[in-house]
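Here's the structure we're looking at; comments come further down.
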Amino acid sequence: MKVSKEYSKEDILKFLGLAQRASKVVSGNDQLLDEVARGHIKLLIIATDVSKNTLNKFLGTVSKFDKEVPAYVFADKFSLGNAIGKPDRALVGITDDGFAKKLGLMLDRFENKEEQN
């Protein structure tokens with residue numbers, strides 16, 4: 001029987017940093033919107049402390065593109081920015097299928113672990 005690995009917040013942030021070093025991360029509202037419009041964003045991470053105004057503005061614009069992007073709410077703006085070597089980031093997009101798939105798996109297992117506690 002295969003046992004599922006649970007991931008910590010640090011594991012996920014380190015992997016996000018690896019994706020950044022591989023140039024597979026996009027952050028910053030304008031850049032993210034451009035990449036969503038092109039269909040390049042494979043996964044979106046939304047900071048837990050994003051303002052409603054920022055989130056509503058972003059999601060309202062994204063809805064015009066008729067693109068579906070898996071999204072996860074994870075970590076605060078400081079932690080997301082720090083993981084990718086930038087100032088605070090409210091939204092982070094992943095442009096690579098492989099990194100997106102692995103991060104999605106990690107975030108699913110992190111969320112499941114958190115729900116059980």
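Every chain in the structure tokens takes a letter, A first, then B, and so on in the order presented; its residues are numbered from 1, and the ligands are numbered from 1 following the presented order.
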
* To do: With a distance cut-off of 9 Å and only C-alpha atoms, select the neighbouring residues of range 29-46 of chain A, excluding the residue or stretch itself and same-chain residues fewer than 6 positions from it, and output the selection as number ranges by chain.
  => A: 54-55, 58, 61-62, 64-77, 80, 89-97, 99-101, 103-104

* Please run DSSP on the backbone and report, as a PyMOL selection string, all residues within chain A that come out as alpha helix (DSSP H). => chain A and resi 9-21+29-37+52-63+77-83+97-116

Mind dumping the selected residues with C-alpha atoms as a short mmCIF file (atom, residue, chain, number, x, y, z; two decimals), in the first residue's frame?
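Just written: selection21.cif:
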data_model
loop_
_atom_site.label_atom_id
_atom_site.label_comp_id
_atom_site.auth_asym_id
_atom_site.auth_seq_id
_atom_site.Cartn_x
_atom_site.Cartn_y
_atom_site.Cartn_z
CA LYS A 9 4.22 25.04 4.26
CA GLU A 10 8.02 25.18 4.01
CA ASP A 11 8.09 22.31 1.47
CA ILE A 12 5.62 24.14 -0.74
CA LEU A 13 7.40 27.49 -0.47
CA LYS A 14 10.75 25.87 -1.30
CA PHE A 15 9.24 24.22 -4.37
CA LEU A 16 7.76 27.57 -5.39
CA GLY A 17 11.27 29.03 -5.13
CA LEU A 18 12.58 26.23 -7.35
CA ALA A 19 9.89 27.07 -9.93
CA GLN A 20 10.97 30.74 -9.77
CA ARG A 21 14.61 29.80 -10.38
CA ASN A 29 -0.94 41.99 -11.56
CA ASP A 30 -0.25 43.21 -15.12
CA GLN A 31 2.12 40.38 -15.99
CA LEU A 32 -0.27 37.80 -14.55
CA LEU A 33 -3.21 39.19 -16.52
CA ASP A 34 -1.17 39.11 -19.74
CA GLU A 35 -0.16 35.49 -19.15
CA VAL A 36 -3.71 34.43 -18.22
CA ALA A 37 -5.00 36.04 -21.43
CA LYS A 52 -10.88 41.84 -1.43
CA ASN A 53 -10.44 44.78 -3.80
CA THR A 54 -7.29 43.32 -5.38
CA LEU A 55 -8.81 39.86 -5.68
CA ASN A 56 -12.13 41.07 -7.11
CA LYS A 57 -10.37 43.31 -9.62
CA PHE A 58 -8.11 40.49 -10.76
CA LEU A 59 -10.85 37.84 -10.94
CA GLY A 60 -13.20 40.24 -12.71
CA THR A 61 -10.62 40.85 -15.40
CA VAL A 62 -9.70 37.16 -15.67
CA SER A 63 -13.36 36.18 -16.14
CA LYS A 77 1.82 37.88 0.79
CA PHE A 78 5.15 38.15 2.60
CA SER A 79 5.79 34.38 2.44
CA LEU A 80 4.87 34.14 -1.25
CA GLY A 81 7.10 37.07 -2.15
CA ASN A 82 9.95 35.79 -0.01
CA ALA A 83 9.73 32.33 -1.62
CA ASP A 97 2.52 22.07 -16.58
CA GLY A 98 4.96 19.95 -14.56
CA PHE A 99 5.51 22.53 -11.82
CA ALA A 100 1.76 23.27 -11.73
CA LYS A 101 0.87 19.59 -11.40
CA LYS A 102 3.38 19.02 -8.57
CA LEU A 103 2.42 22.22 -6.74
CA GLY A 104 -1.26 21.33 -7.07
CA LEU A 105 -0.57 17.92 -5.57
CA MET A 106 1.46 19.46 -2.74
CA LEU A 107 -1.23 22.05 -2.02
CA ASP A 108 -3.98 19.40 -2.05
CA ARG A 109 -2.08 17.30 0.45
CA PHE A 110 -1.29 20.36 2.58
CA GLU A 111 -4.95 21.39 2.64
CA ASN A 112 -6.09 17.88 3.50
CA LYS A 113 -3.60 17.76 6.36
CA GLU A 114 -4.78 21.12 7.68
CA GLU A 115 -8.47 20.10 7.51
CA GLN A 116 -7.81 17.03 9.64
#

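The residues of range 41-111 of chain A that DSSP assigns to strand (DSSP E) on this backbone come out as Leu43, Leu44, Ile45, Ile46, Ala71, Tyr72, Val73, Leu91, Val92, Gly93 and Ile94 of chain A.
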
Take the residues that were just selected and, keeping N, CA and C atoms, output them as a short mmCIF file (atom, residue, chain, number, x, y, z; two decimals), in the first residue's frame.
data_model
loop_
_atom_site.label_atom_id
_atom_site.label_comp_id
_atom_site.auth_asym_id
_atom_site.auth_seq_id
_atom_site.Cartn_x
_atom_site.Cartn_y
_atom_site.Cartn_z
N LEU A 43 -1.54 27.34 -13.00
CA LEU A 43 -1.98 27.28 -11.61
C LEU A 43 -1.78 28.66 -11.00
N LEU A 44 -2.72 29.06 -10.16
CA LEU A 44 -2.66 30.37 -9.51
C LEU A 44 -2.66 30.17 -8.01
N ILE A 45 -1.76 30.88 -7.33
CA ILE A 45 -1.73 30.87 -5.87
C ILE A 45 -2.13 32.26 -5.40
N ILE A 46 -3.12 32.29 -4.52
CA ILE A 46 -3.64 33.54 -3.98
C ILE A 46 -3.26 33.62 -2.51
N ALA A 71 -6.93 27.38 -8.85
CA ALA A 71 -6.44 28.38 -7.91
C ALA A 71 -6.45 27.83 -6.49
N TYR A 72 -5.45 28.19 -5.74
CA TYR A 72 -5.32 27.79 -4.35
C TYR A 72 -5.06 29.02 -3.50
N VAL A 73 -5.65 29.05 -2.33
CA VAL A 73 -5.36 30.10 -1.35
C VAL A 73 -4.33 29.50 -0.41
N LEU A 91 -0.61 37.54 -5.57
CA LEU A 91 -0.96 36.54 -6.57
C LEU A 91 0.30 36.04 -7.26
N VAL A 92 0.38 34.73 -7.44
CA VAL A 92 1.53 34.12 -8.11
C VAL A 92 0.99 33.09 -9.09
N GLY A 93 1.48 33.13 -10.32
CA GLY A 93 1.06 32.19 -11.34
C GLY A 93 2.19 31.27 -11.76
N ILE A 94 1.85 30.03 -12.05
CA ILE A 94 2.82 29.03 -12.52
C ILE A 94 2.55 28.78 -14.00
#

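If you look at CA of Glu6 in chain A and CA of Val50 in chain A, they are 25.5 Å away from each other.
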